[in-house]
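Engineer: Submitted below is the structure of interest, expressed as structure tokens.
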Amino acid sequence: MARLLAMPEAGRGIDWLRTALQVAVGLELSTIPPYLCGWWSIRDRGAEAARLIRRIIDDEMYHLGVVCNLLVAVGGTPRIRAAAPTYPGPLPGGVRAGVTVYLSGLTRSFVHDVMMAIEAPEDPLALSDSASPTIGAFYGAMLEGFRTVAPQLSARGQLSAHIGSDELRPVETLLDAERSIDIIREQGEGTSSSPADSFADDHPAHYYAFGEIYHGRQLRQTDTGWTFTGAPVPFPDARPMAQVPAGGWTRPPAPVQQVLDRFDTTYTNLLDSLDAAWGDGGPRSLGAAIHAMRALEEPAVRLMEIEIPGTHSTYGPQFHVLP
């Protein structure tokens with residue numbers, strides 16, 4: 001990503017856009033497994049924190065669909081399985097350098113160190129200085145790239161679907177591309193002018209929604225500015241899934257390994273179906289991917305309820321892509 005952003009605007013042609021959009025595919029995909037682990041670990045799905053995280057997962061799946069459509073629109077082919085990240089590890093493309101994304105059950109440190117760190121805006125309420133680009137800055141550069149190149153966009157091979165409260169639609173004009181990128185930026189980090197600008201339909205941007213879970217209070221405006229001093233957001237009771245170590249669980253018991261294998265097989269099928277959907281499989285392959293996505297929850301929760309010998313923590317999914 002640093003190389004992409006270092007490219008002078010005059011050199012940001014159609015190949016630059018395709019490369020940047022493939023990086024975006026990996027970036028959006030990388031957020032979904034950790035957010036799913038946090039959500040699956042919550043015992044009461046009716047809890048406010050569970051509602052907030054579930055909405056964000058839907059948004060991220062929508063964002064993945066948007067960048068795949070954008071890539072197809074400019075003549076590219078999304079490589080989703082190839083973009084699948086390894087955990088723990090950095091965000092793709094060098095975004096938020098120094099942030100290590102790992103898989104874990106929901107804890108306050110996980111919310112702060114992973115969830116909030118991923119979604120951090122360029123100008124949040126409180127954030128240490130960093131020379132590495134944010135997700136918003138990267139998408140801002142892509143937006144300017146679309147405006148500069150003004151590529152001819154093709155709807156052929158793009159997909160339509162309802163994802164959460166959003167509607168994925170083909171990108172056919174520059175205005176469509178601008179709108180799509182703006183939605184990704186505002187849903188993730190909010191607008192640069194005020195956190196309130198992203199609160200359409202009482203939905204805070206992702207960074208601030210995670211902040212409400214971390215601080216235990218809703219964000220509200222006071223005489224001194226925006227603070228997490230609103231209505232309580234109780235931290236939910238969560239299954240104690242341990243952090244998945246590098247390389248995955250070491251020599252787990254045979255029954256655990258069987259569930260891990262079943263999860264990873266379904267996850268790999270999901271990625272293959274997504275590749276096929278934006279290849280030539282269309283809606284049928286997208287439907288298979290959605291079915292596989294739903295099938296991940298049962299083995300994931302089952303793993304989270306098996307205690308690791310000698311600890312008070314439990315196993316959890318590794319999100320390994322099988323060969």
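The way I read the labels, and the way they are meant: chains A, B, ... in the order of the structure tokens, residue 1 as the first residue of every chain, and ligand 1 as the first ligand shown, with later ones counted on from there.
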Could you list, as a VMD selection string, every residue within 8 Å of A:Cys37, counting only C-alpha atoms and ignoring same-chain residues fewer than 4 positions away?
Structural biologist: chain A and resid 33 41 103 to 106 300 316 to 317
Engineer: Could those selected residues go to a file with N, CA, C and O atoms, as a compact mmCIF listing (two decimals), in the first residue's frame?
Structural biologist:
```
# COMPACT_ATOMS: atom_id res chain seq x y z
N PRO A 33 -13.10 -12.46 9.93
CA PRO A 33 -12.87 -13.52 10.93
C PRO A 33 -12.73 -13.02 12.37
O PRO A 33 -13.36 -13.58 13.28
N SER A 41 -18.59 -15.44 20.24
CA SER A 41 -18.26 -15.72 21.65
C SER A 41 -19.30 -15.17 22.62
O SER A 41 -19.37 -15.61 23.76
N LEU A 103 -7.15 -13.72 16.53
CA LEU A 103 -8.48 -14.28 16.75
C LEU A 103 -8.65 -14.62 18.22
O LEU A 103 -7.78 -15.23 18.83
N SER A 104 -9.79 -14.20 18.78
CA SER A 104 -10.02 -14.37 20.21
C SER A 104 -11.49 -14.19 20.50
O SER A 104 -12.24 -13.63 19.68
N GLY A 105 -11.89 -14.66 21.69
CA GLY A 105 -13.21 -14.30 22.18
C GLY A 105 -13.21 -12.83 22.56
O GLY A 105 -12.17 -12.17 22.62
N LEU A 106 -14.39 -12.30 22.83
CA LEU A 106 -14.52 -10.87 23.12
C LEU A 106 -14.00 -10.53 24.52
O LEU A 106 -14.47 -11.06 25.52
N ALA A 300 -17.85 -23.30 15.19
CA ALA A 300 -17.11 -22.27 15.91
C ALA A 300 -17.53 -22.22 17.38
O ALA A 300 -16.69 -22.22 18.29
N GLY A 316 -11.07 -22.26 19.67
CA GLY A 316 -11.85 -21.44 18.76
C GLY A 316 -11.38 -21.70 17.34
O GLY A 316 -10.37 -22.38 17.12
N PRO A 317 -12.09 -21.18 16.36
CA PRO A 317 -11.71 -21.44 14.96
C PRO A 317 -10.39 -20.78 14.59
O PRO A 317 -10.04 -19.72 15.10
```
Engineer: So, counting only C-alpha atoms, which residue among A:Leu36, A:Val74, A:Ala120, A:Val95 is closest to A:Phe146?
Structural biologist: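 Ranking A:Leu36, A:Val74, A:Ala120, A:Val95 by distance to A:Phe146, first place goes to A:Val74.
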Engineer: Which one is closest to A:Pro88: A:Pro255, A:Gly216, A:Gly281, A:Gly247? Count only C-alpha atoms.
Structural biologist: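 Looking at the shortest contact to A:Pro88, the residue is A:Gly247.
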Engineer: Apply DSSP to the backbone of this structure and, from stretch 206-266 of chain A, keep only the residues in helix (DSSP H, G or I); write these as a ChimeraX atom specification.
Structural biologist: /A:206-215,254-266
Engineer: Can you pull out every residue within 9 Å of stretch 134-138 of chain A, counting only C-alpha atoms, but drop anything in the same chain fewer than 2 positions away, and send it as a list of chain:residue names?
Structural biologist: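 My reading of the contact set: A:Met1, A:Leu5, A:Ala20, A:Ala24, A:Leu27, A:Val95, A:Arg96, A:Ile118, A:Glu119, A:Ala120, A:Pro121, A:Glu122, A:Ser132, A:Gly140, A:Ala141, A:Met142, A:Leu143, A:Ile184, A:Arg185, A:Glu186, A:Gly188, A:Glu189.
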Engineer: Could you write out the selected residues, including all heavy atoms, as a short mmCIF file (atom, residue, chain, number, x, y, z; two decimals), in the first residue's frame?
Structural biologist:
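Saved the output as result.cif:
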```cif
data_model
loop_
_atom_site.label_atom_id
_atom_site.label_comp_id
_atom_site.auth_asym_id
_atom_site.auth_seq_id
_atom_site.Cartn_x
_atom_site.Cartn_y
_atom_site.Cartn_z
N MET A 1 0.82 -1.19 0.00
CA MET A 1 0.00 0.00 0.00
C MET A 1 0.86 1.25 0.00
O MET A 1 0.53 2.24 -0.67
CB MET A 1 -0.94 0.01 1.21
CG MET A 1 -1.90 1.19 1.20
SD MET A 1 -3.04 1.15 2.57
CE MET A 1 -3.96 -0.32 2.19
N LEU A 5 0.45 4.28 -2.63
CA LEU A 5 0.20 5.67 -2.24
C LEU A 5 1.36 6.58 -2.64
O LEU A 5 1.17 7.79 -2.80
CB LEU A 5 -0.07 5.76 -0.74
CG LEU A 5 -1.35 5.06 -0.25
CD1 LEU A 5 -1.47 5.20 1.26
CD2 LEU A 5 -2.58 5.63 -0.93
N ALA A 20 -4.83 -1.71 -6.48
CA ALA A 20 -5.35 -1.16 -5.23
C ALA A 20 -6.63 -1.87 -4.80
O ALA A 20 -6.83 -2.17 -3.62
CB ALA A 20 -5.60 0.34 -5.39
N ALA A 24 -7.65 -4.01 -1.48
CA ALA A 24 -8.87 -3.75 -0.71
C ALA A 24 -9.66 -5.03 -0.47
O ALA A 24 -10.29 -5.19 0.58
CB ALA A 24 -9.73 -2.72 -1.45
N LEU A 27 -8.04 -6.59 2.42
CA LEU A 27 -8.25 -5.77 3.61
C LEU A 27 -9.64 -6.00 4.18
O LEU A 27 -9.80 -6.22 5.40
CB LEU A 27 -8.05 -4.30 3.25
CG LEU A 27 -8.07 -3.28 4.37
CD1 LEU A 27 -7.02 -3.61 5.42
CD2 LEU A 27 -7.84 -1.88 3.80
N VAL A 95 -1.63 -1.30 6.15
CA VAL A 95 -2.54 -0.40 6.87
C VAL A 95 -2.31 -0.56 8.37
O VAL A 95 -2.13 -1.67 8.87
CB VAL A 95 -4.00 -0.73 6.51
CG1 VAL A 95 -4.96 0.03 7.41
CG2 VAL A 95 -4.28 -0.39 5.07
N ARG A 96 -2.32 0.55 9.09
CA ARG A 96 -2.16 0.55 10.54
C ARG A 96 -0.96 -0.31 10.96
O ARG A 96 -1.08 -1.26 11.75
CB ARG A 96 -3.42 0.06 11.24
CG ARG A 96 -4.70 0.80 10.88
CD ARG A 96 -4.64 2.28 11.17
NE ARG A 96 -4.28 2.54 12.56
CZ ARG A 96 -3.79 3.69 13.01
NH1 ARG A 96 -3.56 4.68 12.17
NH2 ARG A 96 -3.50 3.86 14.26
N ILE A 118 -8.25 -1.57 13.97
CA ILE A 118 -8.52 -1.75 12.55
C ILE A 118 -9.27 -0.57 11.98
O ILE A 118 -8.95 -0.05 10.90
CB ILE A 118 -9.33 -3.05 12.32
CG1 ILE A 118 -8.45 -4.29 12.56
CG2 ILE A 118 -9.91 -3.08 10.91
CD1 ILE A 118 -9.23 -5.59 12.53
N GLU A 119 -10.28 -0.10 12.70
CA GLU A 119 -11.20 0.90 12.16
C GLU A 119 -10.78 2.34 12.46
O GLU A 119 -11.50 3.27 12.10
CB GLU A 119 -12.60 0.68 12.74
CG GLU A 119 -13.16 -0.71 12.51
CD GLU A 119 -13.61 -0.95 11.08
OE1 GLU A 119 -13.61 0.01 10.28
OE2 GLU A 119 -13.96 -2.10 10.76
N ALA A 120 -9.63 2.55 13.09
CA ALA A 120 -9.24 3.89 13.54
C ALA A 120 -9.28 4.92 12.41
O ALA A 120 -8.69 4.71 11.36
CB ALA A 120 -7.84 3.84 14.15
N PRO A 121 -9.98 6.03 12.62
CA PRO A 121 -10.03 7.09 11.61
C PRO A 121 -8.74 7.89 11.56
O PRO A 121 -7.84 7.73 12.39
CB PRO A 121 -11.19 7.98 12.10
CG PRO A 121 -11.87 7.23 13.18
CD PRO A 121 -10.86 6.31 13.75
N GLU A 122 -8.68 8.78 10.58
CA GLU A 122 -7.53 9.67 10.48
C GLU A 122 -7.56 10.72 11.60
O GLU A 122 -6.52 11.15 12.07
CB GLU A 122 -7.53 10.37 9.12
CG GLU A 122 -7.32 9.41 7.96
CD GLU A 122 -7.36 10.12 6.62
OE1 GLU A 122 -6.38 10.80 6.29
OE2 GLU A 122 -8.37 9.99 5.91
N SER A 132 1.66 5.35 9.50
CA SER A 132 1.08 4.39 8.57
C SER A 132 -0.31 4.84 8.14
O SER A 132 -1.02 5.50 8.90
CB SER A 132 0.99 3.01 9.22
OG SER A 132 0.15 3.03 10.35
N GLY A 140 -9.59 6.91 0.24
CA GLY A 140 -9.57 8.27 -0.32
C GLY A 140 -8.69 8.36 -1.55
O GLY A 140 -9.05 9.01 -2.55
N ALA A 141 -7.55 7.68 -1.51
CA ALA A 141 -6.65 7.67 -2.67
C ALA A 141 -7.30 6.94 -3.84
O ALA A 141 -7.16 7.35 -5.00
CB ALA A 141 -5.33 7.00 -2.30
N MET A 142 -8.02 5.84 -3.56
CA MET A 142 -8.70 5.14 -4.64
C MET A 142 -9.81 5.99 -5.25
O MET A 142 -10.02 5.98 -6.47
CB MET A 142 -9.28 3.82 -4.13
CG MET A 142 -8.27 2.69 -4.11
SD MET A 142 -9.06 1.07 -4.07
CE MET A 142 -9.76 1.08 -2.44
N LEU A 143 -10.50 6.73 -4.41
CA LEU A 143 -11.56 7.62 -4.91
C LEU A 143 -10.98 8.64 -5.87
O LEU A 143 -11.52 8.87 -6.96
CB LEU A 143 -12.24 8.31 -3.73
CG LEU A 143 -13.38 9.28 -4.05
CD1 LEU A 143 -14.47 8.59 -4.85
CD2 LEU A 143 -13.94 9.87 -2.76
N ILE A 184 -18.20 3.03 2.28
CA ILE A 184 -17.21 2.23 3.00
C ILE A 184 -16.47 3.09 4.02
O ILE A 184 -16.29 2.69 5.18
CB ILE A 184 -16.21 1.59 2.02
CG1 ILE A 184 -16.91 0.53 1.16
CG2 ILE A 184 -15.04 0.97 2.76
CD1 ILE A 184 -16.03 -0.07 0.08
N ARG A 185 -16.05 4.27 3.61
CA ARG A 185 -15.30 5.14 4.52
C ARG A 185 -16.16 5.58 5.71
O ARG A 185 -15.71 5.53 6.87
CB ARG A 185 -14.79 6.36 3.77
CG ARG A 185 -13.77 6.04 2.69
CD ARG A 185 -13.30 7.29 1.97
NE ARG A 185 -12.45 8.11 2.82
CZ ARG A 185 -12.01 9.32 2.48
NH1 ARG A 185 -12.36 9.85 1.32
NH2 ARG A 185 -11.20 9.99 3.27
N GLU A 186 -17.37 6.01 5.44
CA GLU A 186 -18.20 6.56 6.51
C GLU A 186 -18.72 5.49 7.45
O GLU A 186 -18.83 5.72 8.66
CB GLU A 186 -19.36 7.36 5.91
CG GLU A 186 -18.89 8.64 5.21
CD GLU A 186 -20.04 9.47 4.68
OE1 GLU A 186 -21.18 9.25 5.12
OE2 GLU A 186 -19.79 10.35 3.84
N GLY A 188 -17.09 2.83 8.24
CA GLY A 188 -15.97 2.38 9.04
C GLY A 188 -15.49 3.38 10.06
O GLY A 188 -15.38 3.10 11.24
N GLU A 189 -15.19 4.61 9.60
CA GLU A 189 -14.55 5.58 10.49
C GLU A 189 -15.36 6.84 10.72
O GLU A 189 -14.97 7.69 11.51
CB GLU A 189 -13.19 5.98 9.90
CG GLU A 189 -13.28 6.72 8.58
CD GLU A 189 -11.93 7.22 8.11
OE1 GLU A 189 -10.90 6.71 8.58
OE2 GLU A 189 -11.92 8.14 7.28
#
```
Engineer: Show me, as a PyMOL selection string, the residues that have an atom within 9 Å of A:Tyr267 when counting only C-alpha atoms, minus same-chain residues fewer than 6 positions from it.
Structural biologist: chain A and resi 292-293+295-296+319-322
Engineer: How would the residues just picked look written out with N, CA and C atoms as a compact mmCIF listing (two decimals), in the first residue's frame?
Structural biologist:
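File produced: selection.txt:
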```
# COMPACT_ATOMS: atom_id res chain seq x y z
N ALA A 292 -22.51 -21.41 3.21
CA ALA A 292 -21.29 -21.82 3.92
C ALA A 292 -21.00 -20.87 5.08
N MET A 293 -21.25 -19.59 4.88
CA MET A 293 -21.02 -18.60 5.93
C MET A 293 -21.87 -18.92 7.16
N ALA A 295 -23.02 -21.79 7.97
CA ALA A 295 -22.63 -23.09 8.51
C ALA A 295 -21.39 -23.01 9.39
N LEU A 296 -20.68 -21.89 9.37
CA LEU A 296 -19.47 -21.75 10.19
C LEU A 296 -19.78 -21.61 11.68
N PHE A 319 -9.51 -20.41 11.15
CA PHE A 319 -9.66 -19.83 9.82
C PHE A 319 -8.47 -20.17 8.92
N HIS A 320 -8.14 -21.46 8.87
CA HIS A 320 -7.08 -21.94 7.98
C HIS A 320 -7.69 -22.26 6.61
N VAL A 321 -7.00 -21.87 5.57
CA VAL A 321 -7.41 -22.23 4.21
C VAL A 321 -6.73 -23.56 3.87
N LEU A 322 -7.54 -24.55 3.52
CA LEU A 322 -6.98 -25.87 3.21
C LEU A 322 -6.42 -25.90 1.79
```
Engineer: Please determine, counting only C-alpha atoms, which residue among A:Arg45, A:Ala205, A:Gly145, A:Pro90 has the shortest atom-to-atom distance to A:Glu60.
Structural biologist: A:Ala205
Engineer: Between A:Ile80, A:Val23, A:Leu303, A:Leu153, which one has atoms that come closest to A:Asp176, using only C-alpha atoms?
Structural biologist: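 Checking each candidate against A:Asp176, we get A:Leu153 as the closest.
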Engineer: Please build the interface table for stretch 233-318 of chain A against stretch 65-72 of chain A with a cut-off of 10 Å, listing for each qualifying residue the nearest atom pair and the distance in Å to one decimal; count only C-alpha atoms, order rows by chain and increasing number, and write it as a tab-separated table.
Structural biologist:
```
residue	atom	partner	partner_atom	distance
A:Leu274	CA	A:Gly65	CA	9.5
A:Asp275	CA	A:Cys68	CA	9.7
A:Trp278	CA	A:Cys68	CA	7.3
A:Gly279	CA	A:Val72	CA	9.2
```
Engineer: In terms of the shortest atom-to-atom distance over only C-alpha atoms, which of A:Ala246, A:Val114, A:Ala73, A:Ile56 is closest to A:Glu172?
Structural biologist: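 Selected residue with least distance to A:Glu172: A:Ala73.
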Engineer: Which distance in Å separates atom CA of A:Val99 and atom CA of A:Thr31, to one decimal?
Structural biologist: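 That distance, rounded to one decimal, is 12.5 Å.
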Engineer: Would you please work out which residue, of A:Pro151, A:Gly225, A:Pro240, A:Pro245, is nearest to A:Thr86 when using only C-alpha atoms?
Structural biologist: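 Answer, going by the shortest atom-to-atom distance: A:Pro245.
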Engineer: Excluding A:Ser30 and any residue of its chain fewer than 3 positions from it, enumerate the residues within 9 Å of it, using only C-alpha atoms, and give them as a list in words.
Structural biologist: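 So, after excluding close chain neighbours, the residues are Val25, Gly26, Leu27, Pro33, Pro34, Ala83, Ala84, Pro85, Thr86, Leu91, Pro92 and Val101 of chain A.
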Engineer: Export C-alpha atoms of the chosen residues as a tab-separated table (two decimals), in the first residue's frame?
Structural biologist:
```tsv
chain	number	residue	atom	x	y	z
A	25	VAL	CA	-10.32	-7.25	-1.24
A	26	GLY	CA	-7.74	-8.65	1.18
A	27	LEU	CA	-8.25	-5.77	3.61
A	33	PRO	CA	-12.87	-13.52	10.93
A	34	PRO	CA	-11.85	-11.55	14.06
A	83	ALA	CA	-6.18	-12.87	-0.31
A	84	ALA	CA	-7.18	-14.83	2.80
A	85	PRO	CA	-4.95	-13.67	5.68
A	86	THR	CA	-3.08	-15.69	8.28
A	91	LEU	CA	-3.45	-5.95	8.15
A	92	PRO	CA	-2.96	-6.39	4.39
A	101	VAL	CA	-4.79	-8.84	14.21
```
Engineer: In Å, how far is it from atom CA of A:Ile213 to atom CA of A:Gly93?
Structural biologist: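 These atoms are spaced 27.4 Å apart.
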Engineer: Which polymer residues have any atom within 9 Å of an atom of A:Pro283, counting only C-alpha atoms, with same-chain residues fewer than 3 positions away left out, as a count of residues only?
Structural biologist: 7
Engineer: As a list of chain:residue names, please: every residue in stretch 143-272 of chain A that a backbone DSSP assignment puts in strand (DSSP E).
Structural biologist: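 For stretch 143-272 of chain A, the strand (DSSP E) set is A:Ala161, A:His162, A:Ile163, A:Asp166, A:Glu167, A:Leu168, A:Arg220, A:Gln221, A:Thr222, A:Gly225, A:Trp226, A:Thr227.
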